[in-house]
Structures are given as C-alpha cells and as structure tokens.
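Undergrad: For reference, this is run-v9.csv, and it has CSV, C-alpha atoms and all ligand atoms.
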```csv
chain,number,residue,atom,x,y,z
A,223,MET,CA,-71.2,17.0,-6.1
A,224,THR,CA,-73.9,14.9,-7.8
A,225,ASN,CA,-77.6,14.2,-7.6
A,226,LYS,CA,-77.2,10.5,-7.9
A,227,LYS,CA,-77.0,8.3,-4.8
A,228,ILE,CA,-73.4,7.4,-3.9
A,229,VAL,CA,-71.9,3.9,-3.8
A,230,PHE,CA,-68.6,3.1,-2.2
A,231,SER,CA,-66.9,-0.2,-1.6
A,232,GLY,CA,-63.4,-1.7,-1.4
A,233,ILE,CA,-61.4,-4.9,-1.2
A,234,GLN,CA,-58.1,-5.5,0.5
A,235,PRO,CA,-55.1,-6.3,-1.7
A,236,SER,CA,-54.0,-9.1,0.6
A,237,GLY,CA,-53.9,-12.1,-1.6
A,238,VAL,CA,-55.8,-13.9,-4.3
A,239,ILE,CA,-59.3,-12.7,-5.2
A,240,HIS,CA,-61.7,-15.6,-5.1
A,241,LEU,CA,-65.1,-16.4,-6.6
A,242,GLY,CA,-66.7,-15.5,-3.2
A,243,ASN,CA,-65.3,-11.9,-3.4
A,244,TYR,CA,-66.5,-11.7,-7.0
A,245,LEU,CA,-70.0,-13.1,-6.4
A,246,GLY,CA,-70.5,-11.4,-3.0
A,247,ALA,CA,-69.1,-7.9,-4.0
A,248,ILE,CA,-67.7,-7.2,-7.4
A,249,LYS,CA,-70.6,-8.7,-9.4
A,250,GLN,CA,-73.0,-6.1,-7.8
A,251,TRP,CA,-70.6,-3.3,-8.4
A,252,ILE,CA,-70.7,-3.8,-12.2
A,253,ASP,CA,-74.5,-3.2,-12.3
A,254,LEU,CA,-74.4,-0.4,-9.7
A,255,GLN,CA,-71.9,1.7,-11.7
A,256,ASP,CA,-74.6,2.5,-14.3
A,257,LYS,CA,-77.1,3.7,-11.8
A,258,TYR,CA,-75.1,5.3,-9.0
A,259,PHE,CA,-72.2,7.6,-8.6
A,260,SER,CA,-69.7,4.9,-7.8
A,261,ILE,CA,-66.4,4.8,-6.1
A,262,PHE,CA,-64.4,1.6,-5.8
A,263,CYS,CA,-61.2,1.4,-3.7
A,264,ILE,CA,-58.3,-0.9,-3.2
A,265,VAL,CA,-57.9,-0.7,0.6
A,266,ASP,CA,-54.1,-1.2,1.1
A,267,MET,CA,-54.1,0.6,4.5
A,268,HIS,CA,-56.5,-2.1,5.7
A,269,ALA,CA,-54.2,-4.8,4.3
A,270,ILE,CA,-51.3,-3.8,6.5
A,271,THR,CA,-53.2,-4.7,9.6
A,272,VAL,CA,-51.7,-8.1,9.0
A,273,GLN,CA,-48.0,-8.5,8.0
A,274,GLN,CA,-47.4,-7.8,4.3
A,275,GLU,CA,-44.2,-8.1,2.3
A,276,PRO,CA,-43.8,-4.6,0.5
A,277,GLU,CA,-43.1,-6.0,-3.0
A,278,GLU,CA,-45.9,-8.5,-2.6
A,279,LEU,CA,-48.3,-5.8,-1.5
A,280,GLN,CA,-47.4,-3.7,-4.6
A,281,LYS,CA,-48.0,-6.7,-6.8
A,282,ASN,CA,-51.3,-7.4,-5.1
A,283,ILE,CA,-52.5,-3.8,-5.5
A,284,ARG,CA,-51.9,-4.0,-9.2
A,285,GLU,CA,-53.5,-7.4,-9.6
A,286,LEU,CA,-56.6,-6.3,-7.7
A,287,ALA,CA,-56.9,-3.3,-10.0
A,288,ALA,CA,-56.6,-5.5,-13.0
A,289,ILE,CA,-59.3,-7.8,-11.6
A,290,TYR,CA,-61.6,-4.8,-11.1
A,291,LEU,CA,-61.2,-3.7,-14.6
A,292,ALA,CA,-61.3,-7.1,-16.2
A,293,SER,CA,-64.6,-7.8,-14.3
A,294,GLY,CA,-66.1,-4.8,-16.0
A,295,LEU,CA,-65.6,-1.8,-13.7
A,296,ASP,CA,-65.2,1.1,-16.1
A,297,PRO,CA,-63.0,4.1,-15.2
A,298,LYS,CA,-65.4,6.3,-17.3
A,299,LYS,CA,-68.3,5.3,-15.1
A,300,ALA,CA,-66.7,4.8,-11.7
A,301,ILE,CA,-63.8,6.2,-9.7
A,302,ILE,CA,-61.2,3.5,-9.1
A,303,PHE,CA,-58.2,4.2,-6.8
A,304,VAL,CA,-55.9,3.1,-4.1
A,305,GLN,CA,-56.8,4.1,-0.5
A,306,SER,CA,-53.3,5.2,0.6
A,307,ASP,CA,-53.1,7.6,-2.4
A,308,VAL,CA,-55.8,9.8,-0.8
A,309,SER,CA,-54.5,10.9,2.6
A,310,ALA,CA,-57.9,12.1,3.8
A,311,HIS,CA,-58.9,8.5,4.6
A,312,THR,CA,-56.4,8.2,7.4
A,313,GLU,CA,-57.0,11.8,8.6
A,314,LEU,CA,-60.7,11.2,9.0
A,315,ALA,CA,-60.0,7.8,10.5
A,316,TRP,CA,-58.3,9.5,13.4
A,317,VAL,CA,-61.3,11.7,14.1
A,318,LEU,CA,-63.6,8.7,13.9
A,319,ASN,CA,-61.4,6.7,16.2
A,320,CYS,CA,-62.1,9.4,18.8
A,321,ASN,CA,-65.8,8.9,18.2
A,322,THR,CA,-65.8,5.1,18.5
A,323,GLN,CA,-66.0,3.1,21.7
A,324,MET,CA,-63.6,0.3,22.7
A,325,GLY,CA,-66.7,-1.8,23.4
A,326,GLU,CA,-68.0,-1.4,19.9
A,327,LEU,CA,-64.7,-2.5,18.4
A,328,GLU,CA,-64.5,-5.4,20.8
A,329,ARG,CA,-67.7,-6.8,19.4
A,330,MET,CA,-66.5,-7.0,15.8
A,331,THR,CA,-66.4,-10.6,14.7
A,332,GLN,CA,-63.7,-9.9,12.1
A,333,PHE,CA,-61.4,-8.6,14.8
A,334,LYS,CA,-62.1,-11.6,17.1
A,335,ASP,CA,-61.4,-13.9,14.1
A,336,LYS,CA,-58.2,-12.2,12.9
A,337,SER,CA,-56.7,-11.7,16.3
A,338,GLN,CA,-57.2,-15.5,16.8
A,339,ARG,CA,-55.5,-16.2,13.6
A,340,HIS,CA,-52.6,-13.7,14.0
A,341,LYS,CA,-51.9,-14.1,17.7
A,342,GLN,CA,-48.3,-12.9,17.3
A,343,ASN,CA,-49.4,-9.6,15.8
A,344,ILE,CA,-52.6,-8.2,17.4
A,345,ASN,CA,-51.8,-4.6,16.6
A,346,ALA,CA,-53.8,-1.5,17.4
A,347,GLY,CA,-54.6,-1.1,13.6
A,348,LEU,CA,-56.3,-4.5,13.5
A,349,PHE,CA,-58.5,-3.3,16.4
A,350,THR,CA,-59.4,0.1,15.0
A,351,TYR,CA,-59.8,-1.2,11.5
A,352,PRO,CA,-63.5,-0.5,11.4
A,353,ALA,CA,-62.9,3.3,12.1
A,354,LEU,CA,-60.7,3.4,9.0
A,355,MET,CA,-63.4,1.6,7.0
A,356,ALA,CA,-66.0,4.1,8.3
A,357,ALA,CA,-63.7,6.9,7.1
A,358,ASP,CA,-63.5,5.3,3.6
A,359,ILE,CA,-67.3,5.3,3.5
A,360,LEU,CA,-68.2,8.6,5.2
A,361,LEU,CA,-65.6,10.7,3.4
A,362,TYR,CA,-67.7,10.5,0.2
A,363,GLN,CA,-71.2,11.0,1.7
A,364,THR,CA,-71.9,7.4,0.7
A,365,ASN,CA,-75.5,6.1,0.7
A,366,LYS,CA,-74.9,2.4,-0.2
A,367,VAL,CA,-72.1,0.0,0.5
A,368,PRO,CA,-72.3,-3.1,-1.6
A,369,VAL,CA,-70.5,-5.9,0.4
A,370,GLY,CA,-70.8,-9.6,1.3
A,371,GLU,CA,-72.5,-10.7,4.5
A,372,ASP,CA,-69.3,-10.8,6.6
A,373,GLN,CA,-69.0,-7.0,6.2
A,374,ARG,CA,-72.5,-6.1,7.3
A,375,GLN,CA,-71.5,-5.6,10.9
A,376,HIS,CA,-68.8,-3.1,9.9
A,377,VAL,CA,-71.2,-1.1,7.8
A,378,GLU,CA,-73.7,-1.0,10.7
A,379,LEU,CA,-71.0,0.3,13.0
A,380,THR,CA,-70.2,2.9,10.3
A,381,ARG,CA,-73.8,4.0,10.4
A,382,ASP,CA,-73.8,4.2,14.2
A,383,ILE,CA,-70.6,6.3,14.1
A,384,ALA,CA,-72.1,8.7,11.5
A,385,HIS,CA,-75.2,9.1,13.5
A,386,ARG,CA,-73.3,9.9,16.7
A,387,VAL,CA,-71.1,12.5,14.9
A,388,ASN,CA,-74.2,14.0,13.3
A,389,ASN,CA,-75.9,14.3,16.7
A,390,LYS,CA,-72.8,15.9,18.2
A,391,TYR,CA,-71.8,18.3,15.5
A,392,GLY,CA,-74.9,18.7,13.1
A,393,GLN,CA,-75.3,17.1,9.7
A,394,VAL,CA,-71.8,16.1,8.8
A,395,PHE,CA,-72.2,12.6,7.2
A,396,GLU,CA,-74.8,10.7,5.2
A,397,GLU,CA,-75.8,7.6,7.2
A,398,PRO,CA,-75.0,4.7,4.9
A,399,GLU,CA,-76.4,1.3,4.6
A,400,ALA,CA,-75.1,-2.1,3.4
A,401,LEU,CA,-76.3,-3.5,0.1
A,402,LEU,CA,-76.1,-7.3,0.1
A,403,PRO,CA,-76.8,-9.4,-3.0
A,404,GLU,CA,-80.0,-11.5,-2.6
A,405,VAL,CA,-78.0,-14.6,-3.6
A,406,GLY,CA,-74.3,-15.0,-3.1
A,407,ALA,CA,-73.7,-12.8,0.0
A,408,ARG,CA,-72.0,-15.7,1.7
A,409,ILE,CA,-70.3,-18.3,-0.6
A,410,MET,CA,-69.0,-21.2,1.4
A,411,GLY,CA,-65.7,-23.0,1.2
A,412,LEU,CA,-65.5,-25.8,-1.3
A,413,ASP,CA,-63.7,-28.0,1.2
A,414,ASP,CA,-65.9,-26.9,4.1
A,415,PRO,CA,-69.5,-25.7,3.5
A,416,THR,CA,-69.8,-24.6,7.2
A,417,SER,CA,-67.5,-21.6,6.8
A,418,LYS,CA,-67.2,-18.9,4.2
A,419,MET,CA,-64.9,-19.2,1.2
A,420,SER,CA,-61.8,-17.3,2.3
A,421,LYS,CA,-58.4,-16.4,0.8
A,422,SER,CA,-56.9,-17.0,4.2
A,423,ALA,CA,-58.2,-20.6,4.3
A,424,SER,CA,-55.6,-23.2,5.2
A,425,SER,CA,-56.1,-25.1,1.9
A,426,GLY,CA,-56.1,-23.8,-1.6
A,427,ASN,CA,-58.9,-26.2,-2.3
A,428,ASN,CA,-61.2,-24.0,-0.2
A,429,TYR,CA,-61.6,-21.4,-3.0
A,430,ILE,CA,-61.6,-20.8,-6.7
A,431,ALA,CA,-59.2,-17.9,-7.3
A,432,MET,CA,-60.2,-15.6,-10.2
A,433,THR,CA,-56.8,-16.3,-11.6
A,434,ASP,CA,-56.8,-20.1,-11.3
A,435,GLU,CA,-56.1,-22.0,-14.5
A,436,PRO,CA,-59.1,-23.8,-16.0
A,437,ASP,CA,-57.6,-27.2,-15.1
A,438,LYS,CA,-57.1,-26.1,-11.5
A,439,ILE,CA,-60.7,-24.9,-11.4
A,440,ARG,CA,-61.9,-28.3,-12.7
A,441,LYS,CA,-59.8,-30.2,-10.1
A,442,LYS,CA,-60.9,-28.1,-7.2
A,443,ILE,CA,-64.6,-28.5,-8.1
A,444,MET,CA,-64.3,-32.2,-8.6
A,445,LYS,CA,-62.6,-32.4,-5.1
A,446,ALA,CA,-65.3,-30.2,-3.4
A,447,VAL,CA,-67.0,-32.0,-0.5
A,448,THR,CA,-70.6,-33.1,-1.1
A,449,ASP,CA,-73.4,-34.2,1.2
A,450,SER,CA,-74.8,-37.6,2.0
A,451,GLY,CA,-77.3,-39.0,-0.5
A,452,SER,CA,-77.0,-38.4,-4.3
A,453,GLU,CA,-79.8,-36.1,-5.2
A,454,VAL,CA,-78.9,-32.6,-6.6
A,455,LYS,CA,-81.3,-30.6,-4.4
A,456,PHE,CA,-81.1,-27.2,-2.8
A,457,ASP,CA,-81.6,-27.6,1.0
A,458,GLU,CA,-79.2,-25.4,3.1
A,459,GLU,CA,-79.8,-27.4,6.3
A,460,LYS,CA,-79.6,-30.9,5.0
A,461,LYS,CA,-77.4,-30.3,2.0
A,462,PRO,CA,-75.2,-27.4,2.7
A,463,ALA,CA,-72.4,-28.4,0.3
A,464,ILE,CA,-74.7,-29.1,-2.7
A,465,SER,CA,-76.7,-25.9,-2.0
A,466,ASN,CA,-73.5,-23.9,-2.1
A,467,LEU,CA,-72.5,-25.4,-5.4
A,468,LEU,CA,-76.0,-24.8,-6.8
A,469,THR,CA,-75.7,-21.2,-5.7
A,470,ILE,CA,-72.4,-20.8,-7.5
A,471,TYR,CA,-73.8,-22.6,-10.6
A,472,SER,CA,-76.8,-20.4,-10.7
A,473,LEU,CA,-74.8,-17.2,-10.3
A,474,VAL,CA,-72.3,-18.0,-13.0
A,475,THR,CA,-74.9,-19.2,-15.6
A,476,GLU,CA,-77.8,-17.0,-14.5
A,477,LYS,CA,-80.0,-20.1,-14.6
A,478,ASN,CA,-82.3,-20.4,-11.6
A,479,ILE,CA,-81.8,-23.1,-9.0
A,480,LYS,CA,-85.0,-24.9,-9.8
A,481,SER,CA,-84.1,-25.3,-13.4
A,482,LEU,CA,-80.6,-26.6,-12.4
A,483,GLU,CA,-82.3,-29.2,-10.1
A,484,LYS,CA,-84.4,-30.3,-13.0
A,485,GLU,CA,-81.4,-30.5,-15.3
A,486,TYR,CA,-79.6,-32.8,-12.9
A,487,ALA,CA,-82.6,-34.8,-11.7
A,488,GLY,CA,-81.7,-38.5,-11.8
A,489,LYS,CA,-78.0,-37.7,-12.4
A,490,GLY,CA,-75.4,-38.0,-9.6
A,491,TYR,CA,-73.0,-35.5,-8.0
A,492,GLY,CA,-70.3,-36.5,-10.4
A,493,ASP,CA,-72.2,-35.2,-13.5
A,494,PHE,CA,-73.3,-32.2,-11.6
A,495,LYS,CA,-69.8,-31.2,-10.6
A,496,LYS,CA,-68.6,-31.7,-14.2
A,497,GLY,CA,-71.3,-29.4,-15.4
A,498,LEU,CA,-70.5,-26.8,-12.7
A,499,ALA,CA,-66.7,-27.0,-13.5
A,500,GLU,CA,-67.4,-26.2,-17.1
A,501,ALA,CA,-69.8,-23.4,-16.3
A,502,VAL,CA,-67.3,-21.8,-13.9
A,503,VAL,CA,-64.5,-22.1,-16.5
A,504,GLU,CA,-66.7,-20.6,-19.2
A,505,PHE,CA,-67.6,-17.7,-16.8
A,506,ILE,CA,-64.0,-17.0,-15.7
A,507,GLU,CA,-62.1,-17.4,-19.0
A,508,PRO,CA,-63.2,-14.1,-20.6
A,509,ILE,CA,-62.4,-12.2,-17.3
A,510,GLN,CA,-58.9,-13.9,-17.2
A,511,LYS,CA,-58.3,-12.8,-20.8
A,512,LYS,CA,-59.0,-9.2,-20.0
A,513,TYR,CA,-57.1,-9.5,-16.8
A,514,LYS,CA,-54.0,-10.5,-18.7
A,515,GLU,CA,-54.3,-7.4,-21.0
A,516,TYR,CA,-54.5,-5.1,-18.0
A,517,ILE,CA,-51.8,-6.7,-16.0
A,518,ASP,CA,-49.5,-6.6,-19.1
A,519,ASP,CA,-50.1,-2.8,-19.5
A,520,GLN,CA,-48.8,-1.4,-16.2
A,521,PRO,CA,-48.6,2.3,-17.5
A,522,LYS,CA,-52.3,2.2,-18.4
A,523,LEU,CA,-53.2,0.6,-15.0
A,524,GLU,CA,-51.2,3.2,-13.1
A,525,LYS,CA,-52.7,6.0,-15.1
A,526,ILE,CA,-56.2,4.8,-14.3
A,527,LEU,CA,-55.3,4.6,-10.6
A,528,THR,CA,-53.6,8.0,-10.5
A,529,ASN,CA,-56.5,9.7,-12.2
A,530,GLY,CA,-58.9,7.9,-9.8
A,531,ALA,CA,-56.9,9.1,-6.8
A,532,LYS,CA,-57.0,12.7,-8.0
A,533,GLU,CA,-60.8,12.6,-8.5
A,534,ALA,CA,-61.3,10.9,-5.1
A,535,ALA,CA,-59.1,13.5,-3.3
A,536,LYS,CA,-61.1,16.3,-4.8
A,537,LEU,CA,-64.4,14.7,-3.7
A,538,ALA,CA,-63.1,14.1,-0.2
A,539,GLN,CA,-62.0,17.6,0.4
A,540,PRO,CA,-65.3,19.3,1.3
A,541,THR,CA,-66.2,16.6,3.9
A,542,MET,CA,-62.7,16.8,5.4
A,543,GLU,CA,-62.8,20.6,5.6
A,544,ASN,CA,-66.2,20.5,7.2
A,545,VAL,CA,-65.0,17.9,9.8
A,546,ARG,CA,-62.0,20.1,10.7
A,547,LYS,CA,-64.3,23.1,11.1
A,548,VAL,CA,-67.1,21.5,13.2
A,549,VAL,CA,-64.6,19.6,15.4
A,550,GLY,CA,-62.6,22.8,15.9
A,551,LEU,CA,-59.3,21.6,14.5
A,552,GLY,CA,-56.4,23.5,13.0
A,553,VAL,CA,-55.7,27.2,12.3
A,554,ALA,CA,-53.8,27.5,9.0
A,555,ASN,CA,-55.7,28.7,6.0
A,556,ASP,CA,-54.5,28.4,2.4
A,601,LIG,P1,-60.9,-13.4,3.5
A,601,LIG,O1,-61.4,-14.1,2.3
A,601,LIG,O2,-59.5,-13.7,3.8
A,601,LIG,O3,-61.8,-13.6,4.7
A,601,LIG,P2,-61.8,-10.8,3.4
A,601,LIG,O4,-63.2,-11.1,3.9
A,601,LIG,O5,-61.0,-9.9,4.2
A,601,LIG,O6,-60.9,-12.0,3.1
A,601,LIG,P3,-61.9,-9.0,1.3
A,601,LIG,O7,-61.1,-9.3,0.1
A,601,LIG,O8,-61.5,-7.9,2.1
A,601,LIG,O9,-62.1,-10.4,2.0
A,601,LIG,O10,-63.5,-8.9,0.9
A,601,LIG,C1,-63.9,-8.3,-0.2
A,601,LIG,C2,-65.4,-8.4,-0.4
A,601,LIG,O11,-65.7,-9.7,-0.6
A,601,LIG,C3,-66.2,-8.0,0.9
A,601,LIG,O12,-67.3,-7.2,0.4
A,601,LIG,C4,-66.6,-9.3,1.5
A,601,LIG,O13,-67.9,-9.2,2.1
A,601,LIG,C5,-66.8,-10.1,0.2
A,601,LIG,N1,-66.6,-11.6,0.5
A,601,LIG,C6,-65.5,-12.1,1.1
A,601,LIG,N2,-65.7,-13.5,1.2
A,601,LIG,C7,-66.9,-13.7,0.7
A,601,LIG,C8,-67.7,-14.9,0.5
A,601,LIG,N3,-67.2,-16.1,0.9
A,601,LIG,N4,-68.9,-14.8,0.0
A,601,LIG,C9,-69.4,-13.6,-0.4
A,601,LIG,N5,-68.8,-12.5,-0.3
A,601,LIG,C10,-67.5,-12.5,0.3
A,602,LIG,N1,-63.4,-4.3,5.5
A,602,LIG,C1,-63.6,-4.8,4.2
A,602,LIG,C2,-62.8,-4.0,3.2
A,602,LIG,C3,-63.2,-2.5,3.2
A,602,LIG,C4,-64.4,-1.9,2.8
A,602,LIG,C5,-64.2,-0.5,3.0
A,602,LIG,C6,-65.6,-2.4,2.2
A,602,LIG,C7,-62.4,-1.5,3.7
A,602,LIG,N2,-63.0,-0.3,3.6
A,602,LIG,C8,-65.3,0.4,2.7
A,602,LIG,C9,-66.6,-1.5,1.9
A,602,LIG,C10,-66.4,-0.1,2.1
A,602,LIG,C11,-63.2,-6.3,4.1
A,602,LIG,O1,-62.5,-6.7,4.9
A,602,LIG,N3,-63.7,-6.9,3.2
```
Could you show the structure in this file as structure tokens?
TA:
Amino acid sequence: MTNKKIVFSGIQPSGVIHLGNYLGAIKQWIDLQDKYFSIFCIVDMHAITVQQEPEELQKNIRELAAIYLASGLDPKKAIIFVQSDVSAHTELAWVLNCNTQMGELERMTQFKDKSQRHKQNINAGLFTYPALMAADILLYQTNKVPVGEDQRQHVELTRDIAHRVNNKYGQVFEEPEALLPEVGARIMGLDDPTSKMSKSASSGNNYIAMTDEPDKIRKKIMKAVTDSGSEVKFDEEKKPAISNLLTIYSLVTEKNIKSLEKEYAGKGYGDFKKGLAEAVVEFIEPIQKKYKEYIDDQPKLEKILTNGAKEAAKLAQPTMENVRKVVGLGVAND
C-alpha cells in the first residue's frame, strides 16, 4: 500500500482532552504525519467499555475530531476517522481475542485500574480491551504506535499477539513498537504530582483541558501544588511538582529546562507559575481558535471523518481477507 513506515494511534472520546494527552500523544503525531503514512483514530468502541451517554458520546467524538484538526493533523497528510465506522476493527478483535490469554489480560494495569474505579460495571469488554486495541494497530500493518507511557504495556501485548499469530499462521502482521516522546510521556496531575494527569481525576484542578478558558488555565496553574523549598529546579525525586511544571513549560515554549531554571533563578514559585500560566495560555489559544472553527462547521468535520473511514476500510481489507484465509474462516465469495 505504501513504502513508508506506518504509524497508527488513537484516543478515546470519553471526556475532555487534556494537556497530558496533547503533550504525550498528539504533539508527536503532528511531526510524524510528514514522515510516515499516518492513521489517527477516534476509538469510540473503546470508550463504551465504561458507561457513556449516547448524545454525550456523539458530542465527544466530534470534539475530539476538532481537537485533532485544530492541533494540526491534516486530512491531506493523514487518515483521520472514527473506529466504529470501520467494522473490520471489531471483526479482527474477535480473532485476536481467541489468540490472547486470560493471564496476559489480567496483568494489564489499565484493566486493574479501571475495574477498581468502575466496580459496578466490570464488563467483558473492559477486560478484552487490549485485543481491540491490538486489532486497531495490526489491521493496518502498523510499524510505530506513538502513545504516552501508560499505553506502553498495551502496545507490548499487541506485539506479543502479532508474534504469536505470525508463528502460528505465517507472516500475517507487522510486529509494531511503541513510540514514546523523550520528554512528556507522563505528564503528572497539577494537584498530585505522584499520579498522571488524567481526565478521570476526581478534581478538575488535576488537568488543563485543551478547551479550558484562559482564566481557568491561569487559576488552575496558580493552584497547582508545589514542593518544599523555593528554588525552581528540575529534580524528579526531590521536587516532583516543580519538575512536572518545568516539563510542561519547556514543551509549550520549546525552551530547554536548563534555560528556564536560569530564567527563574532567585525568583520564587509564584513568579514561575505566572510565567508558566501565560506560556500555556499563549500555546493553547491558537489551537482553541481553530478548534472553534472546526466545531462550528459540522458538515466539514463529518466529511473529513467519512472520507477517512472510507480510506481506512480500503486499507484494512487485504489484512482482514488474509486473516480469514489463514485462519480458515467463512466460505462466501463476492
Ligand atoms: P485518562 O486520562 O482518563 O487516564 P486515558 O489514559 O484513557 O485517559 P486517552 O484519552 O485514551 O487517555 O489517552 C490518549 C493518549 O494520551 C494515550 O496515548 C495516552 O498514553 C496519552 N496520555 C494520557 N494521559 C497522559 C499523561 N498524563 N501524560 C502523557 N500522555 C498521556
Ligand atoms: N488504549 C488507548 C487508546 C487506543 C489506542 C489504540 C492507542 C485504542 N486503540 C491504538 C494507540 C493505538 C488509551 O486508552 N489511551
């Protein structure tokens, strides 16, 4: 289909998109779309592993698409589509489910985490979630999967599943690897630097949403927890909160951490946070402006996603046909 290496990634439309999602995942995608054959998905089937309101889900899908486009993903360079619009994802997921061990799924930290948080709804989909993610990736003969640190384990499982299927049936899938950003693979919560920034955090002060108003961003940053002492210095062990804020500062301004430490030498945390807040606002405002243009033009958004789904379905077909053949499924021919 192409000589270029293939990149695939996705985000769940399950709530706000925060700066952690942007810096850990989307930021890399923007650069990758120039070098790789890139496919970026809105994984709505994954989102329903936890309870979703149908209207809210529809709204979240569109908002996430608008964030992708506003961030700089370009439908001329990359395929952008919604997972459930291409039925091969769930078809392949079933076959992969039959090639994945319970023990492997039991080890997944996201499952342990989410089943703790959603005790009243520990459904089978939540458990087999990684097989669907593996299908997303393997369907397109993907080589690289740009994700944040929390998804590394799922990509490694995907690689194991691909290897197992290849051993059993011959060369069916590329064996993909995760691509993590050198800096920003794990942005921590503003109110708790010991756990990752997360949209499902109990407080909205944990994260900066990509759609937060400038004043809200300023307030959240001024409220962010800091460490003891007063020096602005990167030291993940002794100063986890300031180190996290320095990481964010560095990524949104493209200034290196050393030069930021110098800039704030002799100044306190207050000045540092004020500077950071302005830097984040300056970084997010142009994205928000474009976001508004996309979200206000639903027909355009839908057209992009519909075209993306058509292209993706075409690309998925040869892999799915081969899987059916090697596994020995079906009889009907078109
Ligand atoms: P939650 O924030 O509720 O834990 P999630 O991890 O399910 O949500 P997704 O929206 O599915 O988040 O993740 C999209 C992408 O963002 C993934 O590649 C994930 O690794 C990355 N990501 C999520 N949180 C962070 C973070 N705090 N720092 C860096 N990358 C992150
Ligand atoms: N599991 C991921 C979302 C996801 C994904 C994918 C990421 C689903 N399918 C394929 C990369 C490639 C998450 O929870 N963030």
Undergrad: What box, with edges along x, y and z, holds each listed atom of range 377-384 of chain A when 8 Å is added on every side, and can you state its centre and edge lengths in Å to one decimal, as lines of an AutoDock Vina configuration file?
TA:
```
center_x = -72.0
center_y = 3.8
center_z = 11.0
size_x = 19.6
size_y = 25.8
size_z = 22.4
```
Undergrad: Taking (-82.0, -26.6, 0.6) in the file's coordinates, which residues come within 12 Å, counting only C-alpha atoms, written as a list in words?
TA: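 The residues that fall inside the cut-off are Asp449, Glu453, Val454, Lys455, Phe456, Asp457, Glu458, Glu459, Lys460, Lys461, Pro462, Ala463, Ile464, Ser465, Asn466, Leu467, Leu468, Thr469, Ile479, Lys480 and Glu483 of chain A.
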Undergrad: Could you list, as a list in words, all residues that come within 7 Å of ligand LIG 601 (chain A)? Count all atoms listed in the file.
TA: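 Going residue by residue within 7 Å of ligand LIG 601 (chain A), we get Gly232, Ile233, Gln234, Pro235, Ile239, Gly242, Asn243, Tyr244, Leu245, Gly246, Ala247, Pro368, Val369, Gly370, Glu371, Asp372, Gln373, Gly406, Ala407, Arg408, Ile409, Met410, Lys418, Met419, Ser420, Lys421 and Ser422 of chain A.
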Undergrad: Could you tell me how far CA of Phe333 in chain A lies from CA of Phe262 in chain A, in Å and to one decimal?
TA: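 So the two atoms, CA of Phe333 in chain A and CA of Phe262 in chain A, lie 23.2 Å apart.
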Undergrad: Using all atoms listed in the file, which residues of the polymer chains come no farther than 10 Å from ligand LIG 602 (chain A)? I'd like the answer as JSON, numbers by chain.
TA: {"A": [229, 230, 231, 232, 233, 234, 235, 236, 243, 247, 261, 262, 263, 264, 265, 266, 267, 268, 269, 305, 311, 332, 351, 352, 353, 354, 355, 356, 357, 358, 359, 360, 364, 366, 367, 368, 369, 370, 371, 372, 373, 374, 375, 376, 377, 380, 400]}
Undergrad: What lies within 7 Å of Val548 in chain A using all atoms listed in the file, ignoring chain neighbours under 3 positions off, as a VMD selection string?
TA: chain A and resid 391 544 to 545
